[in-house]
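Participant: Structure: structure.pdb, PDB, N, CA, C and O atoms.
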ATOM      1  N   MET A   1      -7.149   3.061  11.367  1.00  0.00           N
ATOM      2  CA  MET A   1      -8.192   3.311  12.328  1.00  0.00           C
ATOM      3  C   MET A   1      -8.960   4.567  11.916  1.00  0.00           C
ATOM      4  O   MET A   1      -8.404   5.479  11.334  1.00  0.00           O
ATOM      5  N   ALA A   2     -10.214   4.579  12.275  1.00  0.00           N
ATOM      6  CA  ALA A   2     -11.083   5.713  11.973  1.00  0.00           C
ATOM      7  C   ALA A   2     -11.504   6.386  13.275  1.00  0.00           C
ATOM      8  O   ALA A   2     -11.381   5.817  14.357  1.00  0.00           O
ATOM      9  N   LYS A   3     -12.027   7.595  13.150  1.00  0.00           N
ATOM     10  CA  LYS A   3     -12.580   8.290  14.309  1.00  0.00           C
ATOM     11  C   LYS A   3     -14.092   8.091  14.300  1.00  0.00           C
ATOM     12  O   LYS A   3     -14.737   8.195  13.260  1.00  0.00           O
ATOM     13  N   TYR A   4     -14.625   7.813  15.480  1.00  0.00           N
ATOM     14  CA  TYR A   4     -16.061   7.611  15.649  1.00  0.00           C
ATOM     15  C   TYR A   4     -16.574   8.514  16.757  1.00  0.00           C
ATOM     16  O   TYR A   4     -15.871   8.788  17.717  1.00  0.00           O
ATOM     17  N   ARG A   5     -17.809   8.954  16.597  1.00  0.00           N
ATOM     18  CA  ARG A   5     -18.514   9.651  17.673  1.00  0.00           C
ATOM     19  C   ARG A   5     -19.508   8.665  18.253  1.00  0.00           C
ATOM     20  O   ARG A   5     -20.368   8.142  17.539  1.00  0.00           O
ATOM     21  N   ALA A   6     -19.380   8.387  19.542  1.00  0.00           N
ATOM     22  CA  ALA A   6     -20.272   7.449  20.222  1.00  0.00           C
ATOM     23  C   ALA A   6     -21.073   8.212  21.276  1.00  0.00           C
ATOM     24  O   ALA A   6     -20.499   8.932  22.089  1.00  0.00           O
ATOM     25  N   VAL A   7     -22.381   8.058  21.214  1.00  0.00           N
ATOM     26  CA  VAL A   7     -23.268   8.693  22.181  1.00  0.00           C
ATOM     27  C   VAL A   7     -23.654   7.635  23.209  1.00  0.00           C
ATOM     28  O   VAL A   7     -24.176   6.578  22.851  1.00  0.00           O
ATOM     29  N   ILE A   8     -23.374   7.923  24.476  1.00  0.00           N
ATOM     30  CA  ILE A   8     -23.590   6.967  25.557  1.00  0.00           C
ATOM     31  C   ILE A   8     -24.647   7.510  26.514  1.00  0.00           C
ATOM     32  O   ILE A   8     -24.552   8.651  26.966  1.00  0.00           O
ATOM     33  N   GLU A   9     -25.640   6.682  26.804  1.00  0.00           N
ATOM     34  CA  GLU A   9     -26.667   7.027  27.790  1.00  0.00           C
ATOM     35  C   GLU A   9     -26.229   6.468  29.135  1.00  0.00           C
ATOM     36  O   GLU A   9     -25.966   5.272  29.264  1.00  0.00           O
ATOM     37  N   CYS A  10     -26.141   7.348  30.137  1.00  0.00           N
ATOM     38  CA  CYS A  10     -25.716   6.971  31.480  1.00  0.00           C
ATOM     39  C   CYS A  10     -26.916   7.121  32.417  1.00  0.00           C
ATOM     40  O   CYS A  10     -27.511   8.200  32.479  1.00  0.00           O
ATOM     41  N   ARG A  11     -27.273   6.033  33.136  1.00  0.00           N
ATOM     42  CA  ARG A  11     -28.485   6.055  33.966  1.00  0.00           C
ATOM     43  C   ARG A  11     -28.188   5.638  35.409  1.00  0.00           C
ATOM     44  O   ARG A  11     -27.316   4.812  35.652  1.00  0.00           O
ATOM     45  N   ASN A  12     -28.980   6.201  36.314  1.00  0.00           N
ATOM     46  CA  ASN A  12     -29.062   5.740  37.698  1.00  0.00           C
ATOM     47  C   ASN A  12     -30.451   6.083  38.201  1.00  0.00           C
ATOM     48  O   ASN A  12     -31.278   6.606  37.445  1.00  0.00           O
ATOM     49  N   GLU A  13     -30.731   5.805  39.466  1.00  0.00           N
ATOM     50  CA  GLU A  13     -32.081   6.040  39.978  1.00  0.00           C
ATOM     51  C   GLU A  13     -32.429   7.524  40.017  1.00  0.00           C
ATOM     52  O   GLU A  13     -33.591   7.895  40.072  1.00  0.00           O
ATOM     53  N   GLY A  14     -31.432   8.385  39.929  1.00  0.00           N
ATOM     54  CA  GLY A  14     -31.661   9.832  39.941  1.00  0.00           C
ATOM     55  C   GLY A  14     -31.960  10.426  38.581  1.00  0.00           C
ATOM     56  O   GLY A  14     -32.396  11.560  38.468  1.00  0.00           O
ATOM     57  N   GLY A  15     -31.709   9.668  37.508  1.00  0.00           N
ATOM     58  CA  GLY A  15     -31.989  10.194  36.175  1.00  0.00           C
ATOM     59  C   GLY A  15     -31.053   9.659  35.118  1.00  0.00           C
ATOM     60  O   GLY A  15     -30.344   8.671  35.316  1.00  0.00           O
ATOM     61  N   THR A  16     -31.059  10.344  33.982  1.00  0.00           N
ATOM     62  CA  THR A  16     -30.296   9.925  32.806  1.00  0.00           C
ATOM     63  C   THR A  16     -29.512  11.104  32.250  1.00  0.00           C
ATOM     64  O   THR A  16     -30.028  12.213  32.183  1.00  0.00           O
ATOM     65  N   ASP A  17     -28.281  10.849  31.856  1.00  0.00           N
ATOM     66  CA  ASP A  17     -27.450  11.829  31.154  1.00  0.00           C
ATOM     67  C   ASP A  17     -27.024  11.218  29.831  1.00  0.00           C
ATOM     68  O   ASP A  17     -26.889  10.000  29.710  1.00  0.00           O
ATOM     69  N   ILE A  18     -26.772  12.085  28.860  1.00  0.00           N
ATOM     70  CA  ILE A  18     -26.246  11.657  27.562  1.00  0.00           C
ATOM     71  C   ILE A  18     -24.870  12.302  27.395  1.00  0.00           C
ATOM     72  O   ILE A  18     -24.729  13.514  27.582  1.00  0.00           O
ATOM     73  N   HIS A  19     -23.870  11.490  27.078  1.00  0.00           N
ATOM     74  CA  HIS A  19     -22.520  11.999  26.862  1.00  0.00           C
ATOM     75  C   HIS A  19     -22.002  11.500  25.521  1.00  0.00           C
ATOM     76  O   HIS A  19     -22.262  10.367  25.131  1.00  0.00           O
ATOM     77  N   SER A  20     -21.263  12.366  24.837  1.00  0.00           N
ATOM     78  CA  SER A  20     -20.712  12.037  23.529  1.00  0.00           C
ATOM     79  C   SER A  20     -19.192  11.939  23.635  1.00  0.00           C
ATOM     80  O   SER A  20     -18.555  12.787  24.261  1.00  0.00           O
ATOM     81  N   TRP A  21     -18.643  10.904  23.018  1.00  0.00           N
ATOM     82  CA  TRP A  21     -17.198  10.678  23.036  1.00  0.00           C
ATOM     83  C   TRP A  21     -16.715  10.512  21.601  1.00  0.00           C
ATOM     84  O   TRP A  21     -17.356   9.832  20.802  1.00  0.00           O
ATOM     85  N   ILE A  22     -15.579  11.106  21.289  1.00  0.00           N
ATOM     86  CA  ILE A  22     -14.929  10.895  19.996  1.00  0.00           C
ATOM     87  C   ILE A  22     -13.710  10.028  20.260  1.00  0.00           C
ATOM     88  O   ILE A  22     -12.840  10.396  21.059  1.00  0.00           O
ATOM     89  N   VAL A  23     -13.679   8.868  19.604  1.00  0.00           N
ATOM     90  CA  VAL A  23     -12.602   7.901  19.848  1.00  0.00           C
ATOM     91  C   VAL A  23     -12.062   7.370  18.518  1.00  0.00           C
ATOM     92  O   VAL A  23     -12.756   7.380  17.507  1.00  0.00           O
ATOM     93  N   GLU A  24     -10.823   6.910  18.553  1.00  0.00           N
ATOM     94  CA  GLU A  24     -10.243   6.220  17.406  1.00  0.00           C
ATOM     95  C   GLU A  24     -10.392   4.728  17.638  1.00  0.00           C
ATOM     96  O   GLU A  24     -10.058   4.227  18.711  1.00  0.00           O
ATOM     97  N   ALA A  25     -10.909   4.033  16.616  1.00  0.00           N
ATOM     98  CA  ALA A  25     -11.134   2.598  16.755  1.00  0.00           C
ATOM     99  C   ALA A  25     -11.117   1.940  15.385  1.00  0.00           C
ATOM    100  O   ALA A  25     -11.195   2.607  14.359  1.00  0.00           O
ATOM    101  N   LYS A  26     -11.024   0.595  15.400  1.00  0.00           N
ATOM    102  CA  LYS A  26     -11.012  -0.179  14.154  1.00  0.00           C
ATOM    103  C   LYS A  26     -12.401  -0.323  13.549  1.00  0.00           C
ATOM    104  O   LYS A  26     -12.542  -0.466  12.342  1.00  0.00           O
ATOM    105  N   ASN A  27     -13.436  -0.310  14.415  1.00  0.00           N
ATOM    106  CA  ASN A  27     -14.811  -0.504  13.938  1.00  0.00           C
ATOM    107  C   ASN A  27     -15.778   0.117  14.950  1.00  0.00           C
ATOM    108  O   ASN A  27     -15.378   0.473  16.054  1.00  0.00           O
ATOM    109  N   PRO A  28     -17.051   0.242  14.592  1.00  0.00           N
ATOM    110  CA  PRO A  28     -18.022   0.864  15.503  1.00  0.00           C
ATOM    111  C   PRO A  28     -18.175   0.131  16.840  1.00  0.00           C
ATOM    112  O   PRO A  28     -18.360   0.767  17.882  1.00  0.00           O
ATOM    113  N   GLY A  29     -18.097  -1.185  16.837  1.00  0.00           N
ATOM    114  CA  GLY A  29     -18.218  -1.946  18.077  1.00  0.00           C
ATOM    115  C   GLY A  29     -17.099  -1.633  19.048  1.00  0.00           C
ATOM    116  O   GLY A  29     -17.331  -1.477  20.260  1.00  0.00           O
ATOM    117  N   GLU A  30     -15.889  -1.543  18.533  1.00  0.00           N
ATOM    118  CA  GLU A  30     -14.757  -1.195  19.392  1.00  0.00           C
ATOM    119  C   GLU A  30     -14.900   0.240  19.898  1.00  0.00           C
ATOM    120  O   GLU A  30     -14.598   0.529  21.062  1.00  0.00           O
ATOM    121  N   ALA A  31     -15.396   1.132  19.060  1.00  0.00           N
ATOM    122  CA  ALA A  31     -15.607   2.528  19.471  1.00  0.00           C
ATOM    123  C   ALA A  31     -16.607   2.599  20.622  1.00  0.00           C
ATOM    124  O   ALA A  31     -16.402   3.341  21.580  1.00  0.00           O
ATOM    125  N   GLU A  32     -17.686   1.830  20.539  1.00  0.00           N
ATOM    126  CA  GLU A  32     -18.671   1.799  21.621  1.00  0.00           C
ATOM    127  C   GLU A  32     -18.048   1.282  22.912  1.00  0.00           C
ATOM    128  O   GLU A  32     -18.282   1.830  23.993  1.00  0.00           O
ATOM    129  N   HIS A  33     -17.248   0.235  22.800  1.00  0.00           N
ATOM    130  CA  HIS A  33     -16.592  -0.343  23.979  1.00  0.00           C
ATOM    131  C   HIS A  33     -15.677   0.688  24.650  1.00  0.00           C
ATOM    132  O   HIS A  33     -15.695   0.852  25.875  1.00  0.00           O
ATOM    133  N   ILE A  34     -14.884   1.380  23.859  1.00  0.00           N
ATOM    134  CA  ILE A  34     -13.968   2.393  24.394  1.00  0.00           C
ATOM    135  C   ILE A  34     -14.756   3.518  25.059  1.00  0.00           C
ATOM    136  O   ILE A  34     -14.436   3.954  26.167  1.00  0.00           O
ATOM    137  N   ALA A  35     -15.818   3.987  24.389  1.00  0.00           N
ATOM    138  CA  ALA A  35     -16.610   5.099  24.924  1.00  0.00           C
ATOM    139  C   ALA A  35     -17.312   4.715  26.225  1.00  0.00           C
ATOM    140  O   ALA A  35     -17.346   5.505  27.174  1.00  0.00           O
ATOM    141  N   VAL A  36     -17.863   3.505  26.292  1.00  0.00           N
ATOM    142  CA  VAL A  36     -18.516   3.056  27.525  1.00  0.00           C
ATOM    143  C   VAL A  36     -17.479   2.934  28.653  1.00  0.00           C
ATOM    144  O   VAL A  36     -17.738   3.331  29.795  1.00  0.00           O
ATOM    145  N   SER A  37     -16.292   2.435  28.342  1.00  0.00           N
ATOM    146  CA  SER A  37     -15.234   2.332  29.355  1.00  0.00           C
ATOM    147  C   SER A  37     -14.854   3.707  29.896  1.00  0.00           C
ATOM    148  O   SER A  37     -14.670   3.879  31.106  1.00  0.00           O
ATOM    149  N   ARG A  38     -14.769   4.680  29.018  1.00  0.00           N
ATOM    150  CA  ARG A  38     -14.444   6.042  29.452  1.00  0.00           C
ATOM    151  C   ARG A  38     -15.573   6.631  30.289  1.00  0.00           C
ATOM    152  O   ARG A  38     -15.327   7.281  31.303  1.00  0.00           O
ATOM    153  N   ALA A  39     -16.804   6.405  29.870  1.00  0.00           N
ATOM    154  CA  ALA A  39     -17.954   6.924  30.620  1.00  0.00           C
ATOM    155  C   ALA A  39     -17.978   6.331  32.027  1.00  0.00           C
ATOM    156  O   ALA A  39     -18.230   7.051  33.004  1.00  0.00           O
ATOM    157  N   ARG A  40     -17.723   5.030  32.142  1.00  0.00           N
ATOM    158  CA  ARG A  40     -17.684   4.390  33.472  1.00  0.00           C
ATOM    159  C   ARG A  40     -16.607   5.026  34.358  1.00  0.00           C
ATOM    160  O   ARG A  40     -16.810   5.232  35.551  1.00  0.00           O
ATOM    161  N   ALA A  41     -15.450   5.331  33.763  1.00  0.00           N
ATOM    162  CA  ALA A  41     -14.343   5.914  34.526  1.00  0.00           C
ATOM    163  C   ALA A  41     -14.630   7.360  34.931  1.00  0.00           C
ATOM    164  O   ALA A  41     -14.319   7.772  36.057  1.00  0.00           O
ATOM    165  N   PHE A  42     -15.241   8.149  34.052  1.00  0.00           N
ATOM    166  CA  PHE A  42     -15.477   9.558  34.311  1.00  0.00           C
ATOM    167  C   PHE A  42     -16.738   9.818  35.133  1.00  0.00           C
ATOM    168  O   PHE A  42     -16.846  10.849  35.791  1.00  0.00           O
ATOM    169  N   TYR A  43     -17.723   8.912  35.060  1.00  0.00           N
ATOM    170  CA  TYR A  43     -19.006   9.123  35.725  1.00  0.00           C
ATOM    171  C   TYR A  43     -19.375   7.910  36.589  1.00  0.00           C
ATOM    172  O   TYR A  43     -20.336   7.198  36.306  1.00  0.00           O
ATOM    173  N   PRO A  44     -18.633   7.668  37.662  1.00  0.00           N
ATOM    174  CA  PRO A  44     -18.894   6.480  38.488  1.00  0.00           C
ATOM    175  C   PRO A  44     -20.229   6.533  39.241  1.00  0.00           C
ATOM    176  O   PRO A  44     -20.679   5.520  39.770  1.00  0.00           O
ATOM    177  N   GLU A  45     -20.862   7.707  39.270  1.00  0.00           N
ATOM    178  CA  GLU A  45     -22.146   7.814  39.962  1.00  0.00           C
ATOM    179  C   GLU A  45     -23.285   7.129  39.214  1.00  0.00           C
ATOM    180  O   GLU A  45     -24.364   6.912  39.771  1.00  0.00           O
ATOM    181  N   PHE A  46     -23.059   6.756  37.957  1.00  0.00           N
ATOM    182  CA  PHE A  46     -24.086   6.068  37.179  1.00  0.00           C
ATOM    183  C   PHE A  46     -23.915   4.558  37.264  1.00  0.00           C
ATOM    184  O   PHE A  46     -22.801   4.053  37.389  1.00  0.00           O
ATOM    185  N   ASP A  47     -25.047   3.847  37.168  1.00  0.00           N
ATOM    186  CA  ASP A  47     -25.056   2.389  37.282  1.00  0.00           C
ATOM    187  C   ASP A  47     -25.107   1.681  35.937  1.00  0.00           C
ATOM    188  O   ASP A  47     -24.608   0.572  35.798  1.00  0.00           O
ATOM    189  N   GLU A  48     -25.765   2.313  34.961  1.00  0.00           N
ATOM    190  CA  GLU A  48     -25.971   1.676  33.656  1.00  0.00           C
ATOM    191  C   GLU A  48     -25.434   2.579  32.548  1.00  0.00           C
ATOM    192  O   GLU A  48     -25.610   3.794  32.595  1.00  0.00           O
ATOM    193  N   PHE A  49     -24.805   1.952  31.559  1.00  0.00           N
ATOM    194  CA  PHE A  49     -24.224   2.673  30.431  1.00  0.00           C
ATOM    195  C   PHE A  49     -24.626   1.956  29.157  1.00  0.00           C
ATOM    196  O   PHE A  49     -24.399   0.753  29.030  1.00  0.00           O
ATOM    197  N   GLU A  50     -25.209   2.700  28.228  1.00  0.00           N
ATOM    198  CA  GLU A  50     -25.667   2.070  26.993  1.00  0.00           C
ATOM    199  C   GLU A  50     -25.309   2.957  25.794  1.00  0.00           C
ATOM    200  O   GLU A  50     -25.680   4.127  25.749  1.00  0.00           O
ATOM    201  N   PRO A  51     -24.597   2.394  24.807  1.00  0.00           N
ATOM    202  CA  PRO A  51     -24.351   3.159  23.590  1.00  0.00           C
ATOM    203  C   PRO A  51     -25.662   3.269  22.800  1.00  0.00           C
ATOM    204  O   PRO A  51     -26.342   2.269  22.579  1.00  0.00           O
ATOM    205  N   VAL A  52     -26.028   4.494  22.436  1.00  0.00           N
ATOM    206  CA  VAL A  52     -27.283   4.686  21.711  1.00  0.00           C
ATOM    207  C   VAL A  52     -27.073   5.067  20.255  1.00  0.00           C
ATOM    208  O   VAL A  52     -27.968   4.905  19.438  1.00  0.00           O
ATOM    209  N   ARG A  53     -25.876   5.566  19.933  1.00  0.00           N
ATOM    210  CA  ARG A  53     -25.589   5.906  18.535  1.00  0.00           C
ATOM    211  C   ARG A  53     -24.083   5.976  18.347  1.00  0.00           C
ATOM    212  O   ARG A  53     -23.366   6.552  19.172  1.00  0.00           O
ATOM    213  N   THR A  54     -23.611   5.402  17.259  1.00  0.00           N
ATOM    214  CA  THR A  54     -22.194   5.461  16.909  1.00  0.00           C
ATOM    215  C   THR A  54     -22.088   5.713  15.418  1.00  0.00           C
ATOM    216  O   THR A  54     -22.711   5.023  14.622  1.00  0.00           O
ATOM    217  N   GLU A  55     -21.317   6.728  15.058  1.00  0.00           N
ATOM    218  CA  GLU A  55     -21.152   7.036  13.639  1.00  0.00           C
ATOM    219  C   GLU A  55     -19.711   7.428  13.346  1.00  0.00           C
ATOM    220  O   GLU A  55     -19.030   8.020  14.183  1.00  0.00           O
ATOM    221  N   GLU A  56     -19.267   7.073  12.154  1.00  0.00           N
ATOM    222  CA  GLU A  56     -17.915   7.410  11.744  1.00  0.00           C
ATOM    223  C   GLU A  56     -17.847   8.887  11.419  1.00  0.00           C
ATOM    224  O   GLU A  56     -18.747   9.441  10.784  1.00  0.00           O
ATOM    225  N   MET A  57     -16.786   9.539  11.868  1.00  0.00           N
ATOM    226  CA  MET A  57     -16.596  10.967  11.603  1.00  0.00           C
ATOM    227  C   MET A  57     -16.031  11.141  10.197  1.00  0.00           C
ATOM    228  O   MET A  57     -15.182  10.366   9.768  1.00  0.00           O
ATOM    229  N   GLN A  58     -16.505  12.136   9.525  1.00  0.00           N
ATOM    230  CA  GLN A  58     -16.010  12.452   8.190  1.00  0.00           C
ATOM    231  C   GLN A  58     -14.888  13.478   8.297  1.00  0.00           C
ATOM    232  O   GLN A  58     -15.007  14.442   9.050  1.00  0.00           O
ATOM    233  N   CYS A  59     -13.828  13.282   7.540  1.00  0.00           N
ATOM    234  CA  CYS A  59     -12.712  14.212   7.546  1.00  0.00           C
ATOM    235  C   CYS A  59     -13.047  15.406   6.660  1.00  0.00           C
ATOM    236  O   CYS A  59     -13.590  15.268   5.572  1.00  0.00           O
ATOM    237  N   LEU A  60     -12.717  16.570   7.150  1.00  0.00           N
ATOM    238  CA  LEU A  60     -12.857  17.775   6.339  1.00  0.00           C
ATOM    239  C   LEU A  60     -11.474  18.120   5.807  1.00  0.00           C
ATOM    240  O   LEU A  60     -10.533  18.311   6.570  1.00  0.00           O
ATOM    241  N   ARG A  61     -11.367  18.200   4.496  1.00  0.00           N
ATOM    242  CA  ARG A  61     -10.068  18.491   3.895  1.00  0.00           C
ATOM    243  C   ARG A  61     -10.096  19.870   3.278  1.00  0.00           C
ATOM    244  O   ARG A  61     -11.069  20.267   2.650  1.00  0.00           O
ATOM    245  N   LYS A  62      -9.002  20.575   3.455  1.00  0.00           N
ATOM    246  CA  LYS A  62      -8.881  21.891   2.862  1.00  0.00           C
ATOM    247  C   LYS A  62      -8.569  21.761   1.382  1.00  0.00           C
ATOM    248  O   LYS A  62      -7.747  20.945   0.999  1.00  0.00           O
ATOM    249  N   SER A  63      -9.242  22.554   0.591  1.00  0.00           N
ATOM    250  CA  SER A  63      -8.908  22.559  -0.833  1.00  0.00           C
ATOM    251  C   SER A  63      -7.867  23.624  -1.087  1.00  0.00           C
ATOM    252  O   SER A  63      -7.862  24.690  -0.464  1.00  0.00           O
ATOM    253  N   SER A  64      -6.948  23.351  -1.985  1.00  0.00           N
ATOM    254  CA  SER A  64      -5.836  24.283  -2.238  1.00  0.00           C
ATOM    255  C   SER A  64      -6.258  25.413  -3.121  1.00  0.00           C
ATOM    256  O   SER A  64      -7.040  25.357  -3.968  1.00  0.00           O
TER     257      SER A  64
END
Any chance you could give the structure as structure tokens?
Facilitator:
Amino acid sequence: MAKYRAVIECRNEGGTDIHSWIVEAKNPGEAEHIAVSRARAFYPEFDEFEPVRTEEMQCLRKSS
């Protein structure tokens, strides 16, 4: 599994918020699904949730 950063747009009649989630998933589609599920759970005041960007995180390795 890889780590992905998914940016989710959360909307309601009062406005729009953007939230970023870092999740472990098998592919970008699964990462979006996980991030949207988390956004729905954490921000129930919003009605609509849309993934706007998902990218795989790059590992930073220490050189010896």
Participant: Give the answer as one residue: which of A:Ala31, A:Val23, A:Ala2, A:Ile8 has the shortest atom-to-atom distance to Glu48 (chain A), using all atoms listed in the file?
Facilitator: A:Ile8
Participant: For this structure, which residues satisfy the selection - the PyMOL selection byres ((chain A and resi 20) around 4.5) - when it is evaluated on the file as given? I want them as a list in words.
Facilitator: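 Checked against the file, the PyMOL selection byres ((chain A and resi 20) around 4.5) matches Ala6, Val7, Ile18, His19, Trp21 and Ile22 of chain A.
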Participant: Go through A:Met1, A:Glu24, A:Arg38, A:Glu32 one by one, measure the shortest atom-to-atom distance of each to Arg53 (chain A) using all atoms listed in the file, and give the residue with the smallest value.
Facilitator: A:Glu32
Participant: Quick one: which residues end up in the PyMOL selection byres ((chain A and resi 56) around 4.5) for this structure, as a PyMOL selection string?
Facilitator: chain A and resi 3-4+55+57-58
Participant: Contacts of Glu13 (chain A) at 12 Å or less, counting only C-alpha atoms, minus same-chain residues fewer than 4 places along, as a list in words?
Facilitator: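 Contacts, with the query itself left out: Asp17, Glu45, Phe46, Asp47 and Glu48 of chain A.
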Participant: Find the distance between CA of Val36 (chain A) and CA of Glu50 (chain A) and write it in Å to one decimal.
Facilitator: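 Between CA of Val36 (chain A) and CA of Glu50 (chain A) the gap works out to 7.2 Å.
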Participant: I need the residues in chain A that are strand (DSSP E) according to DSSP; give them as number ranges by chain.
Facilitator: A: 2-12, 15-25, 48-56
Participant: If DSSP is run on the backbone, what residues of chain A are helix (DSSP H, G or I)? A reply as a PyMOL selection string would be ideal.
Facilitator: chain A and resi 28-42
Participant: Quick one: of A:Phe49, A:Cys59, A:Pro44, A:Thr54, who's nearest to Arg11 (chain A), counting only C-alpha atoms?
Facilitator: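 The shortest atom-to-atom distance to Arg11 (chain A) comes from A:Phe49.
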Participant: For a test of reading the model, state the distance in Å between CA of Arg40 (chain A) and CA of Ala25 (chain A), rounded to one decimal.
Facilitator: 18.0 Å
Participant: What gap, in Å, lies between atom C of Asn27 (chain A) and atom N of Gly15 (chain A)?
Facilitator: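 Interatomic distance here is 29.2 Å.
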